[in-house]
Amino acid sequence: MEQYLIAVIVGIVEGLTEFLPVSSTGHMIIVGHLLGFDGPVADVFDVFVQLGAILSVIFIYKERFVRFFTKDGWDMHKGLSVWHIAAGIVPVMGVAYLCYPLIKKYLFSPFTVAIGLVLGGLLLMFAEHRTKGREAELVDDVDKISMKQAIWVGIYQFLSLWPGFSRSGSTIAGGLLVGLSRQAAASYTFLIAVPLMFVACIYDLIKSLRYLKGDDFTILGIGFVVSFIVAYWSVLWFLKFLHKYDLTSFAWYRIALACVTYWYFYM
């Protein structure tokens, strides 16, 4: 029963944080340490619940993903195309593949997560400050994103390789800094997350599935379903939130969480 409860808790945490600019990886590392949930099976579980979160975005943007498999979806002159998606993910995928062993070895700790949370929060504040009063100049439609803007958002995504920095946080902040509105930056962030996370998850699963036993698949299924449901509503809520509010509250939350994390684990 304890394992089932852990599966539900971790699934909720993943679903809530994966697409918000607060760092799901950072939260998963912190929660994993708090629950004593670590080791090979925990690593596989963390990957599996991410797949649930990915599926929720596919459901929300299903028409757009279907379009990517049509001729128009490959035409960069007819709105957001496969090429725009590739521009945002191919560079970071290459760097992540080369640096993954070092990242896993040196950056997966509560201390490094706390640093990433603070730095990512400061980036969000800076992006909001730079765009304040210029909202009318920002691109407010994801189909109007230029290839140059897509590439720059992809470059900002390099920051997310530091656990705690947040993939969505770095890309949404980057989107603001290169001239996108919060809504357009968030939608683009969610769309490029699907192929990027899917490839990363499958890569991790292939390496780790050998550690699983028969009973573990029930736990994986629970986490997957919980993560899907929570992520689905989390994304819809966040998109509505961005119509009324800026990202400053998330920045302060990150800094507060970093302080609590450092105090709990190191004081």
# chains A, B, ... in the order shown; residues from 1 in each chain; ligands from 1
>>> select_by_dssp(residues="region 104-202 of chain A", states="alpha helix (DSSP H)", output="MDAnalysis selection string")
chainID A and resid 104:106 110:131 147:156 167:177 182:202
>>> residues_around(residues="region 73-82 of chain A", least_positions_apart="3", cutoff="9 Å", atoms="only C-alpha atoms", output="list of chain:residue names")
A:Arg64, A:Phe65, A:Val66, A:Arg67, A:Phe68, A:Phe69, A:Thr70, A:Ile85, A:Ala86, A:Ala87, A:Val142, A:Asp143, A:Lys144, A:Ile145, A:Ser146, A:Met147, A:Tyr188
>>> closest_residue(among="A:Thr218, A:Gln157, A:Gln50, A:Gln3", to="Leu16 (chain A)", atoms="only C-alpha atoms")
A:Gln50
>>> atom_distance(atom1="CA of Lys207 (chain A)", atom2="CA of Val13 (chain A)")
23.9 Å
>>> atom_distance(atom1="CA of Gly223 (chain A)", atom2="CA of Leu196 (chain A)")
20.4 Å
